[in-house]
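Here's query_20.txt, which has compact mmCIF, C-alpha atoms:
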```txt
# COMPACT_ATOMS: atom_id res chain seq x y z
CA MET G 1 -6.58 66.60 -22.70
CA ALA G 2 -9.85 65.10 -23.92
CA GLU G 3 -10.47 65.76 -27.60
CA LYS G 4 -13.86 67.36 -28.12
CA GLY G 5 -16.52 64.70 -28.45
CA VAL G 6 -14.53 61.55 -27.59
CA LYS G 7 -16.02 59.64 -24.69
CA VAL G 8 -15.43 56.06 -23.51
CA PHE G 9 -17.95 54.15 -21.41
CA GLY G 10 -15.95 51.43 -19.67
CA MET G 11 -15.64 49.54 -16.42
CA TRP G 12 -12.30 49.72 -14.64
CA ALA G 13 -11.88 45.92 -14.33
CA SER G 14 -13.03 45.06 -17.86
CA PRO G 15 -10.35 43.57 -20.13
CA MET G 16 -12.53 44.42 -23.15
CA ALA G 17 -12.98 48.11 -22.26
CA ILE G 18 -9.25 48.62 -21.77
CA ARG G 19 -8.69 47.78 -25.46
CA VAL G 20 -10.44 51.02 -26.37
CA GLU G 21 -8.26 53.07 -24.04
CA TRP G 22 -5.10 51.43 -25.40
CA ALA G 23 -6.14 52.20 -28.98
CA LEU G 24 -6.94 55.84 -28.21
CA ARG G 25 -3.68 56.30 -26.32
CA LEU G 26 -1.66 54.69 -29.12
CA LYS G 27 -3.22 57.32 -31.40
CA GLY G 28 -2.59 60.08 -28.86
CA VAL G 29 -6.30 60.91 -28.78
CA GLY G 30 -7.54 62.36 -25.50
CA TYR G 31 -10.90 61.18 -24.19
CA GLU G 32 -13.36 61.52 -21.38
CA TYR G 33 -13.75 58.28 -19.45
CA VAL G 34 -17.02 57.23 -17.82
CA ASP G 35 -16.81 54.29 -15.42
CA GLU G 36 -19.99 52.22 -15.40
CA ASP G 37 -21.46 50.26 -12.52
CA LEU G 38 -22.55 47.13 -14.41
CA ALA G 39 -25.11 46.33 -11.71
CA SER G 40 -26.76 49.70 -12.34
CA LYS G 41 -25.96 50.89 -15.83
CA SER G 42 -26.32 54.56 -16.65
CA ASP G 43 -29.11 55.83 -18.89
CA ALA G 44 -26.41 57.16 -21.19
CA LEU G 45 -24.89 53.68 -21.69
CA LEU G 46 -28.29 52.10 -22.33
CA ARG G 47 -29.17 54.87 -24.79
CA HIS G 48 -25.85 54.53 -26.63
CA ASN G 49 -25.88 50.73 -26.76
CA PRO G 50 -29.51 49.59 -26.59
CA VAL G 51 -28.76 46.34 -28.45
CA THR G 52 -26.18 44.61 -26.26
CA LYS G 53 -26.15 47.10 -23.31
CA LYS G 54 -22.46 46.29 -22.76
CA VAL G 55 -19.29 48.27 -22.20
CA PRO G 56 -17.18 49.43 -23.88
CA VAL G 57 -18.93 52.06 -25.95
CA LEU G 58 -17.07 54.83 -27.75
CA VAL G 59 -18.97 58.01 -28.48
CA HIS G 60 -17.40 60.09 -31.24
CA ASP G 61 -19.03 63.42 -32.15
CA GLY G 62 -22.22 62.21 -30.47
CA LYS G 63 -22.34 58.93 -32.40
CA PRO G 64 -21.96 55.68 -30.42
CA ILE G 65 -20.03 52.55 -31.42
CA ALA G 66 -20.14 49.27 -29.50
CA GLU G 67 -18.04 46.06 -29.43
CA SER G 68 -14.42 46.50 -28.45
CA THR G 69 -12.73 45.05 -31.56
CA ILE G 70 -15.02 47.08 -33.81
CA ILE G 71 -14.23 50.21 -31.82
CA VAL G 72 -10.48 49.57 -32.15
CA GLU G 73 -10.80 49.28 -35.94
CA PHE G 74 -12.91 52.45 -35.99
CA ILE G 75 -10.28 54.35 -34.01
CA ASP G 76 -7.61 53.25 -36.47
CA GLU G 77 -9.72 54.41 -39.43
CA ALA G 78 -11.05 57.64 -37.90
CA TRP G 79 -7.55 58.84 -36.94
CA LYS G 80 -5.87 57.23 -39.92
CA ASP G 81 -2.85 59.52 -40.02
CA GLY G 82 -1.85 58.65 -36.47
CA TYR G 83 -0.13 55.56 -35.07
CA PRO G 84 -0.97 52.59 -37.35
CA ILE G 85 -2.90 49.98 -35.34
CA MET G 86 -4.02 47.70 -38.19
CA PRO G 87 -1.34 46.27 -40.51
CA ALA G 88 -1.04 48.19 -43.80
CA ASP G 89 -1.31 45.17 -46.09
CA PRO G 90 -4.79 43.67 -46.71
CA TYR G 91 -3.52 40.11 -46.24
CA ASP G 92 -1.81 40.98 -42.96
CA ARG G 93 -4.99 42.76 -41.83
CA ALA G 94 -7.03 39.61 -42.60
CA GLN G 95 -4.57 37.51 -40.58
CA ALA G 96 -4.74 39.90 -37.62
CA ARG G 97 -8.55 39.78 -37.74
CA PHE G 98 -8.49 35.99 -37.98
CA TRP G 99 -6.33 35.58 -34.89
CA ALA G 100 -8.31 38.20 -32.97
CA ARG G 101 -11.50 36.28 -33.72
CA PHE G 102 -9.80 33.00 -32.81
CA ALA G 103 -8.62 34.44 -29.48
CA ASP G 104 -12.00 35.95 -28.59
CA ASP G 105 -14.08 32.96 -29.69
CA LYS G 106 -11.84 30.04 -28.77
CA CYS G 107 -9.12 31.06 -26.31
CA ASN G 108 -11.31 33.23 -24.07
CA ALA G 109 -13.83 30.38 -23.86
CA ALA G 110 -10.99 28.01 -22.99
CA ILE G 111 -9.51 30.34 -20.37
CA PHE G 112 -12.64 31.22 -18.38
CA PRO G 113 -13.21 27.67 -16.99
CA VAL G 114 -9.75 27.80 -15.37
CA PHE G 115 -11.33 30.20 -12.86
CA THR G 116 -13.69 27.70 -11.37
CA ALA G 117 -12.23 24.25 -11.94
CA THR G 118 -10.34 22.26 -9.32
CA GLY G 119 -8.36 19.00 -9.19
CA GLU G 120 -8.27 16.80 -12.31
CA ALA G 121 -10.98 18.90 -13.98
CA GLN G 122 -8.73 21.92 -13.58
CA ARG G 123 -5.76 20.11 -15.11
CA GLU G 124 -7.91 19.30 -18.14
CA VAL G 125 -9.21 22.88 -18.66
CA VAL G 126 -5.67 24.21 -18.17
CA ARG G 127 -4.43 21.88 -20.92
CA GLU G 128 -7.25 23.05 -23.21
CA ALA G 129 -6.40 26.73 -22.54
CA GLN G 130 -2.72 25.96 -23.19
CA ARG G 131 -3.54 24.20 -26.50
CA CYS G 132 -5.49 27.25 -27.63
CA LEU G 133 -2.76 29.70 -26.61
CA LYS G 134 -0.15 27.46 -28.27
CA THR G 135 -2.05 27.81 -31.55
CA LEU G 136 -2.28 31.57 -31.06
CA GLU G 137 1.44 31.70 -30.27
CA LYS G 138 2.19 30.86 -33.93
CA ALA G 139 1.15 34.43 -34.72
CA LEU G 140 4.11 35.62 -32.60
CA GLU G 141 6.82 33.54 -34.29
CA GLY G 142 9.82 35.63 -35.29
CA LYS G 143 8.23 38.81 -33.99
CA LYS G 144 8.61 41.11 -31.01
CA PHE G 145 4.88 41.91 -30.88
CA PHE G 146 1.91 40.35 -32.67
CA GLY G 147 1.98 43.53 -34.77
CA GLY G 148 5.66 43.00 -35.67
CA ASP G 149 8.22 45.45 -34.26
CA ALA G 150 5.52 47.48 -32.52
CA VAL G 151 2.17 46.92 -30.84
CA GLY G 152 -0.73 46.50 -33.29
CA TYR G 153 -4.35 45.38 -33.48
CA LEU G 154 -3.80 41.82 -32.28
CA ASP G 155 -1.67 43.01 -29.34
CA VAL G 156 -4.51 45.33 -28.32
CA VAL G 157 -7.08 42.53 -28.59
CA VAL G 158 -5.15 39.83 -26.72
CA GLY G 159 -3.18 42.22 -24.52
CA TRP G 160 -5.40 41.54 -21.52
CA TYR G 161 -3.94 38.02 -21.30
CA ALA G 162 -0.62 39.55 -20.24
CA TYR G 163 -2.13 41.15 -17.14
CA TRP G 164 -5.27 39.16 -16.36
CA LEU G 165 -3.98 35.62 -16.97
CA PRO G 166 -1.36 35.82 -14.18
CA ILE G 167 -4.19 37.05 -11.92
CA ILE G 168 -6.37 34.10 -12.96
CA GLU G 169 -3.37 31.85 -12.28
CA GLU G 170 -2.90 33.33 -8.82
CA VAL G 171 -6.59 33.10 -7.96
CA SER G 172 -7.01 29.54 -9.25
CA GLY G 173 -3.58 28.18 -8.31
CA ALA G 174 -3.08 26.91 -11.88
CA ASP G 175 -0.05 27.48 -14.12
CA VAL G 176 -1.25 28.24 -17.64
CA VAL G 177 1.47 30.29 -19.34
CA THR G 178 4.89 28.90 -18.46
CA ASP G 179 8.37 29.59 -19.85
CA GLU G 180 8.57 25.97 -20.98
CA GLY G 181 5.11 25.55 -22.53
CA LEU G 182 4.49 28.98 -24.04
CA PRO G 183 7.87 30.71 -24.18
CA LEU G 184 7.00 33.24 -26.91
CA MET G 185 3.75 34.19 -25.21
CA LYS G 186 5.41 34.51 -21.82
CA ALA G 187 8.19 36.72 -23.20
CA TRP G 188 5.59 38.84 -25.01
CA PHE G 189 3.69 39.30 -21.69
CA GLY G 190 6.74 41.12 -20.33
CA ARG G 191 7.31 43.20 -23.46
CA PHE G 192 3.65 44.19 -23.76
CA LEU G 193 3.31 45.23 -20.12
CA ALA G 194 6.39 47.45 -20.51
CA VAL G 195 4.74 49.56 -23.24
CA ASP G 196 3.95 53.03 -21.85
CA VAL G 197 0.30 53.31 -22.95
CA VAL G 198 -0.32 49.84 -21.54
CA LYS G 199 1.39 50.43 -18.21
CA GLU G 200 -0.36 53.72 -17.54
CA THR G 201 -3.88 52.29 -18.07
CA LEU G 202 -3.72 49.03 -16.10
CA PRO G 203 -5.93 48.88 -13.01
CA PRO G 204 -4.03 48.22 -9.76
CA ARG G 205 -3.29 44.49 -9.39
CA ASP G 206 -4.52 44.31 -5.79
CA LYS G 207 -7.78 45.97 -6.69
CA LEU G 208 -8.32 43.37 -9.48
CA LEU G 209 -7.36 40.41 -7.31
CA ALA G 210 -10.15 40.98 -4.79
CA PRO G 211 -13.17 40.74 -7.15
CA ASN G 212 -11.54 37.87 -9.05
CA LYS G 213 -11.01 35.91 -5.84
CA ALA G 214 -14.63 36.61 -4.91
CA ARG G 215 -15.74 35.52 -8.38
CA ARG G 216 -13.92 32.21 -8.13
CA GLU G 217 -15.47 31.51 -4.76
CA GLN G 218 -18.90 32.41 -6.07
CA LEU G 219 -18.57 30.37 -9.29
CA SER G 220 -17.04 27.31 -7.68
CA ALA G 221 -19.50 27.32 -4.78
CA MET V 1 -12.65 33.59 -66.38
CA ALA V 2 -10.76 32.79 -63.19
CA GLU V 3 -8.19 35.44 -62.24
CA LYS V 4 -4.77 33.88 -61.77
CA GLY V 5 -4.37 32.70 -58.22
CA VAL V 6 -7.92 33.19 -56.87
CA LYS V 7 -9.41 30.01 -55.49
CA VAL V 8 -12.42 29.47 -53.22
CA PHE V 9 -12.85 26.35 -51.10
CA GLY V 10 -16.57 26.13 -50.39
CA MET V 11 -19.44 23.69 -50.01
CA TRP V 12 -22.39 24.15 -52.33
CA ALA V 13 -25.01 24.21 -49.53
CA SER V 14 -23.04 26.46 -47.15
CA PRO V 15 -24.59 29.89 -46.49
CA MET V 16 -21.20 31.09 -45.20
CA ALA V 17 -19.21 30.04 -48.27
CA ILE V 18 -21.63 31.76 -50.64
CA ARG V 19 -20.71 35.12 -49.05
CA VAL V 20 -17.25 34.79 -50.58
CA GLU V 21 -18.65 34.08 -54.04
CA TRP V 22 -21.02 37.06 -53.79
CA ALA V 23 -18.18 39.37 -52.78
CA LEU V 24 -15.92 38.20 -55.63
CA ARG V 25 -18.73 38.52 -58.17
CA LEU V 26 -19.64 42.01 -56.93
CA LYS V 27 -16.00 42.91 -57.62
CA GLY V 28 -16.07 41.13 -60.97
CA VAL V 29 -13.16 38.92 -59.91
CA GLY V 30 -13.10 35.49 -61.52
CA TYR V 31 -12.18 32.52 -59.37
CA GLU V 32 -11.68 28.80 -59.35
CA TYR V 33 -14.21 27.08 -57.11
CA VAL V 34 -13.44 23.87 -55.20
CA ASP V 35 -16.42 22.10 -53.65
CA GLU V 36 -15.50 20.29 -50.44
CA ASP V 37 -17.05 17.13 -49.02
CA LEU V 38 -17.22 18.11 -45.34
CA ALA V 39 -17.29 14.46 -44.32
CA SER V 40 -13.96 13.95 -46.08
CA LYS V 41 -12.10 17.25 -46.31
CA SER V 42 -9.35 17.62 -48.89
CA ASP V 43 -5.69 17.83 -47.90
CA ALA V 44 -5.62 21.24 -49.56
CA LEU V 45 -8.39 22.59 -47.28
CA LEU V 46 -6.73 21.20 -44.15
CA ARG V 47 -3.39 22.65 -45.22
CA HIS V 48 -4.90 26.07 -45.97
CA ASN V 49 -7.00 26.24 -42.80
CA PRO V 50 -5.33 24.05 -40.18
CA VAL V 51 -6.80 26.07 -37.29
CA THR V 52 -10.57 25.78 -37.81
CA LYS V 53 -10.57 23.35 -40.79
CA LYS V 54 -13.74 25.02 -42.08
CA VAL V 55 -14.98 26.34 -45.40
CA PRO V 56 -14.89 28.91 -46.82
CA VAL V 57 -11.23 29.54 -47.49
CA LEU V 58 -10.02 32.02 -50.08
CA VAL V 59 -6.58 31.46 -51.55
CA HIS V 60 -5.10 34.57 -53.14
CA ASP V 61 -1.68 34.30 -54.79
CA GLY V 62 -1.07 31.12 -52.82
CA LYS V 63 -1.94 32.72 -49.45
CA PRO V 64 -5.00 31.37 -47.59
CA ILE V 65 -7.59 33.38 -45.64
CA ALA V 66 -10.32 31.81 -43.50
CA GLU V 67 -13.59 33.04 -41.89
CA SER V 68 -16.22 34.30 -44.31
CA THR V 69 -16.67 37.85 -42.96
CA ILE V 70 -12.90 38.33 -42.80
CA ILE V 71 -12.59 37.09 -46.38
CA VAL V 72 -15.29 39.52 -47.55
CA GLU V 73 -13.42 42.45 -45.96
CA PHE V 74 -10.18 41.21 -47.52
CA ILE V 75 -11.78 41.07 -50.97
CA ASP V 76 -13.01 44.63 -50.58
CA GLU V 77 -9.52 45.80 -49.58
CA ALA V 78 -7.51 43.73 -52.08
CA TRP V 79 -9.59 44.94 -55.04
CA LYS V 80 -10.21 48.36 -53.58
CA ASP V 81 -10.86 50.13 -56.89
CA GLY V 82 -13.73 47.81 -57.78
CA TYR V 83 -17.31 47.73 -56.50
CA PRO V 84 -17.37 49.17 -52.95
CA ILE V 85 -18.54 46.48 -50.52
CA MET V 86 -17.74 48.23 -47.23
CA PRO V 87 -19.24 51.69 -46.60
CA ALA V 88 -16.76 54.50 -47.28
CA ASP V 89 -17.23 56.29 -43.95
CA PRO V 90 -15.47 54.83 -40.86
CA TYR V 91 -18.57 55.25 -38.69
CA ASP V 92 -20.79 53.52 -41.27
CA ARG V 93 -18.20 50.74 -41.54
CA ALA V 94 -18.28 50.28 -37.76
CA GLN V 95 -22.08 50.08 -37.86
CA ALA V 96 -22.03 47.50 -40.67
CA ARG V 97 -19.51 45.41 -38.70
CA PHE V 98 -21.61 45.73 -35.54
CA TRP V 99 -24.77 44.45 -37.23
CA ALA V 100 -22.87 41.69 -39.03
CA ARG V 101 -21.49 40.52 -35.68
CA PHE V 102 -24.94 40.80 -34.11
CA ALA V 103 -26.49 38.73 -36.90
CA ASP V 104 -23.81 36.03 -36.81
CA ASP V 105 -23.62 35.79 -33.01
CA LYS V 106 -27.22 36.39 -31.98
CA CYS V 107 -29.63 35.91 -34.89
CA ASN V 108 -28.02 32.78 -36.34
CA ALA V 109 -28.08 31.22 -32.86
CA ALA V 110 -31.75 32.20 -32.56
CA ILE V 111 -32.66 30.85 -36.01
CA PHE V 112 -31.03 27.41 -35.87
CA PRO V 113 -33.36 26.02 -33.12
CA VAL V 114 -36.36 26.69 -35.40
CA PHE V 115 -35.14 23.70 -37.41
CA THR V 116 -35.75 21.15 -34.72
CA ALA V 117 -38.42 22.53 -32.42
CA THR V 118 -42.07 21.52 -32.52
CA GLY V 119 -45.32 22.63 -30.84
CA GLU V 120 -45.15 25.29 -28.09
CA ALA V 121 -41.35 25.04 -27.96
CA GLN V 122 -41.28 25.93 -31.65
CA ARG V 123 -43.55 28.95 -31.12
CA GLU V 124 -41.14 30.20 -28.45
CA VAL V 125 -37.97 29.79 -30.57
CA VAL V 126 -39.75 31.40 -33.52
CA ARG V 127 -40.61 34.41 -31.33
CA GLU V 128 -36.98 34.62 -30.22
CA ALA V 129 -35.74 34.50 -33.85
CA GLN V 130 -38.29 37.17 -34.78
CA ARG V 131 -37.17 39.43 -31.91
CA CYS V 132 -33.58 39.17 -33.11
CA LEU V 133 -34.47 39.85 -36.74
CA LYS V 134 -36.69 42.76 -35.65
CA THR V 135 -33.66 44.34 -33.98
CA LEU V 136 -31.57 43.73 -37.10
CA GLU V 137 -34.36 45.21 -39.24
CA LYS V 138 -33.56 48.65 -37.76
CA ALA V 139 -30.45 48.64 -39.94
CA LEU V 140 -32.76 48.57 -43.00
CA GLU V 141 -34.93 51.55 -42.07
CA GLY V 142 -35.27 54.05 -44.91
CA LYS V 143 -33.00 52.01 -47.17
CA LYS V 144 -33.35 49.72 -50.15
CA PHE V 145 -30.48 47.48 -49.06
CA PHE V 146 -28.55 47.26 -45.79
CA GLY V 147 -25.77 48.95 -47.79
CA GLY V 148 -28.09 51.83 -48.83
CA ASP V 149 -29.05 52.08 -52.50
CA ALA V 150 -26.94 49.06 -53.42
CA VAL V 151 -25.83 45.77 -51.88
CA GLY V 152 -22.97 46.12 -49.38
CA TYR V 153 -21.12 44.23 -46.64
CA LEU V 154 -24.10 43.63 -44.38
CA ASP V 155 -26.24 42.43 -47.30
CA VAL V 156 -23.52 39.91 -48.17
CA VAL V 157 -23.29 38.72 -44.54
CA VAL V 158 -27.02 38.35 -43.85
CA GLY V 159 -28.01 37.62 -47.46
CA TRP V 160 -28.36 33.91 -46.77
CA TYR V 161 -31.47 34.66 -44.67
CA ALA V 162 -33.30 35.66 -47.86
CA TYR V 163 -32.88 32.22 -49.42
CA TRP V 164 -32.29 29.82 -46.53
CA LEU V 165 -34.91 31.15 -44.06
CA PRO V 166 -37.86 30.35 -46.36
CA ILE V 167 -36.37 26.87 -46.73
CA ILE V 168 -36.13 26.53 -42.94
CA GLU V 169 -39.74 27.73 -42.77
CA GLU V 170 -40.86 25.14 -45.29
CA VAL V 171 -38.96 22.32 -43.61
CA SER V 172 -40.12 23.22 -40.08
CA GLY V 173 -43.63 24.45 -40.93
CA ALA V 174 -42.97 27.69 -38.99
CA ASP V 175 -43.54 31.25 -40.20
CA VAL V 176 -40.63 33.43 -39.11
CA VAL V 177 -40.43 36.34 -41.56
CA THR V 178 -43.92 37.62 -42.35
CA ASP V 179 -45.16 40.74 -44.14
CA GLU V 180 -46.84 41.87 -40.94
CA GLY V 181 -44.04 41.14 -38.44
CA LEU V 182 -40.93 41.94 -40.45
CA PRO V 183 -42.11 43.96 -43.46
CA LEU V 184 -38.76 45.64 -44.24
CA MET V 185 -36.86 42.35 -43.99
CA LYS V 186 -39.43 40.52 -46.13
CA ALA V 187 -39.34 43.21 -48.84
CA TRP V 188 -35.52 43.14 -48.75
CA PHE V 189 -35.59 39.34 -49.26
CA GLY V 190 -37.23 39.93 -52.64
CA ARG V 191 -34.90 42.76 -53.63
CA PHE V 192 -31.77 40.89 -52.58
CA LEU V 193 -32.69 37.70 -54.42
CA ALA V 194 -33.28 39.74 -57.59
CA VAL V 195 -29.66 40.98 -57.67
CA ASP V 196 -27.81 39.31 -60.57
CA VAL V 197 -24.70 38.10 -58.70
CA VAL V 198 -26.95 36.68 -56.00
CA LYS V 199 -29.37 34.93 -58.36
CA GLU V 200 -26.65 33.30 -60.42
CA THR V 201 -24.88 31.75 -57.40
CA LEU V 202 -27.78 30.28 -55.42
CA PRO V 203 -27.89 26.50 -55.23
CA PRO V 204 -31.10 24.95 -56.63
CA ARG V 205 -33.90 25.15 -54.05
CA ASP V 206 -34.94 21.50 -54.47
CA LYS V 207 -31.37 20.34 -53.97
CA LEU V 208 -31.17 22.36 -50.70
CA LEU V 209 -34.55 21.20 -49.41
CA ALA V 210 -33.60 17.52 -49.35
CA PRO V 211 -30.61 17.70 -46.94
CA ASN V 212 -32.42 20.27 -44.78
CA LYS V 213 -35.44 17.98 -44.45
CA ALA V 214 -33.09 15.13 -43.58
CA ARG V 215 -31.31 17.35 -41.06
CA ARG V 216 -34.55 18.27 -39.29
CA GLU V 217 -35.55 14.62 -39.06
CA GLN V 218 -32.14 13.70 -37.72
CA LEU V 219 -31.96 16.57 -35.20
CA SER V 220 -35.52 16.19 -33.95
CA ALA V 221 -35.26 12.40 -33.68
```
Can you give me the file's structure in the form of structure tokens?
Amino acid sequence: MAEKGVKVFGMWASPMAIRVEWALRLKGVGYEYVDEDLASKSDALLRHNPVTKKVPVLVHDGKPIAESTIIVEFIDEAWKDGYPIMPADPYDRAQARFWARFADDKCNAAIFPVFTATGEAQREVVREAQRCLKTLEKALEGKKFFGGDAVGYLDVVVGWYAYWLPIIEEVSGADVVTDEGLPLMKAWFGRFLAVDVVKETLPPRDKLLAPNKARREQLSA
Amino acid sequence: MAEKGVKVFGMWASPMAIRVEWALRLKGVGYEYVDEDLASKSDALLRHNPVTKKVPVLVHDGKPIAESTIIVEFIDEAWKDGYPIMPADPYDRAQARFWARFADDKCNAAIFPVFTATGEAQREVVREAQRCLKTLEKALEGKKFFGGDAVGYLDVVVGWYAYWLPIIEEVSGADVVTDEGLPLMKAWFGRFLAVDVVKETLPPRDKLLAPNKARREQLSA
């Protein structure tokens, strides 16, 4: 049941918006979900996030918060007695934030070109994406999840790779995350997707494939 | 006196590295400062920050942390009984993080082109920088500092504007922050630069002007 005054403005296919739903569900906080048409954004979204006009936005007791990673930290702090999303130790928190920033700034930028590239150019962008993910994989060494024994902040931030990267691979025909090249990452994909709050929020694969195929055709045209 | 095991790797002219010094001084934490030559980085810097290889890096009890805003949050959490850098309320913290991200991602990107542009192109990039700062200025409304009555996280993150922007203006001949266009920001510049821990850490203006003049000549060549 939705907790009074918790509303999420998302878009069903957005890998950034789903972070907010994962964080709320880890905390066991109910919410009202509003799906936005990004081609025709609602007045409510534009009023709540006039600066970047993007989803996701979390509205808590009437007050809006934008930017998915910032929302996830807010959720952890606002419901601080619930499931711990951020690591307890300040140094571990700094490391989680560092890798989250690295993934969002570097790896996402390295992954997106895989969508559109073909031939030798594709092999090069795939190698670049793999190099970035290989660096990120260090944060998984000796651990079940990025958060340790259980899902934490960094799992929530990079969790979309586990579901969306195989779709990008299918659409583009490229192999990015292989058992040989990124064994820890690949094994984590399976473990992360088996987590209940993750499983129950994922959009249907077929429904995601269609717009991503269309996007590749449009971008590579 | 330097607290045992607190070391900052910076570069005297870096507006990102100075954030770390401001945060430590607000907390009253002594530190050893290592000035890096970015053209020939030390083995220690590369060992402590193998991923991005950038300054600043904070080393605390032998453990390195990179990325200036992440370091500032770490300092606030590691010395949590000292001067409060982050706002106490989770919502206010989320807002401070949002504006810090906005400034670093949008405003910095809008400000840097002012360096090199000339003529009509310069007038356009100046207008773009002003639009961004005008949006950021909303976070100052009704307050003495971004942090409220005293300097806080957002002041530390955007504080470099107060000292470096007038230098960029002098070097480029452009007026970006004026009393008429950005009155709250301009008044805050004066207040921020009058804060003791800020004043005592700023590099000499003349010493900063020289490389910035050289940089403009190089970039606009």
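Closest approach to chain V from the set G:Ala88, G:Ile70, G:Val151, G:Ala187 is made by G:Ile70, with distances taken over only C-alpha atoms.
Minimum atom-to-atom distance to Ala23 (chain G), evaluated using all atoms listed in the file, belongs to G:Glu77 out of G:Glu77, G:Met185, G:Arg97, G:Leu136.
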Show me, as a PyMOL selection string, every residue of chain G with an atom at most 10 Å from chain V, counting all atoms listed in the file. chain G and resi 50-52+60+63-67+69-80+89-99+101-102+132+135-136
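Checking V:Lys134, V:Lys106, V:Lys7, V:Arg25 one by one against Pro56 (chain V), counting all atoms listed in the file, you find the shortest gap at V:Lys7.
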Would you list the contacts of region 197-206 of chain V as a PyMOL selection string, taking every protein, DNA or RNA residue within 7 Å and counting only C-alpha atoms, but skipping same-chain residues closer than 2 positions in sequence? chain V and resi 12-13+22+25-26+193-195+208-210
Could you pull the residues within 7 Å of Asp35 (chain V), counting all atoms listed in the file, minus those fewer than 6 positions along the same chain, as a PyMOL selection string? chain V and resi 9-12
Hey, can you check how far CA of Glu32 (chain V) sits from CA of Val8 (chain V)? 6.2 Å
Around the point (-1.2, 30.0, -21.8) in the file's coordinates, collect all residues with an atom within 6 Å, using all atoms listed in the file, and return them as a list in words. Gln130, Leu133, Val176 and Val177 of chain G
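Between CA of Gly181 (chain V) and CA of Phe145 (chain V) the interatomic distance comes to 18.4 Å.
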At a cut-off of 12 Å, using only C-alpha atoms, what residues contact Lys143 (chain G)? Leave out same-chain residues fewer than 5 positions from it and give the result as number ranges by chain. G: 137-138, 148-152, 155, 184-185, 187-188, 191
Give the answer as one residue: which of G:Asp104, G:Asp175, G:Asp43, G:Asp81 has the shortest atom-to-atom distance to Val126 (chain G), using only C-alpha atoms? G:Asp175
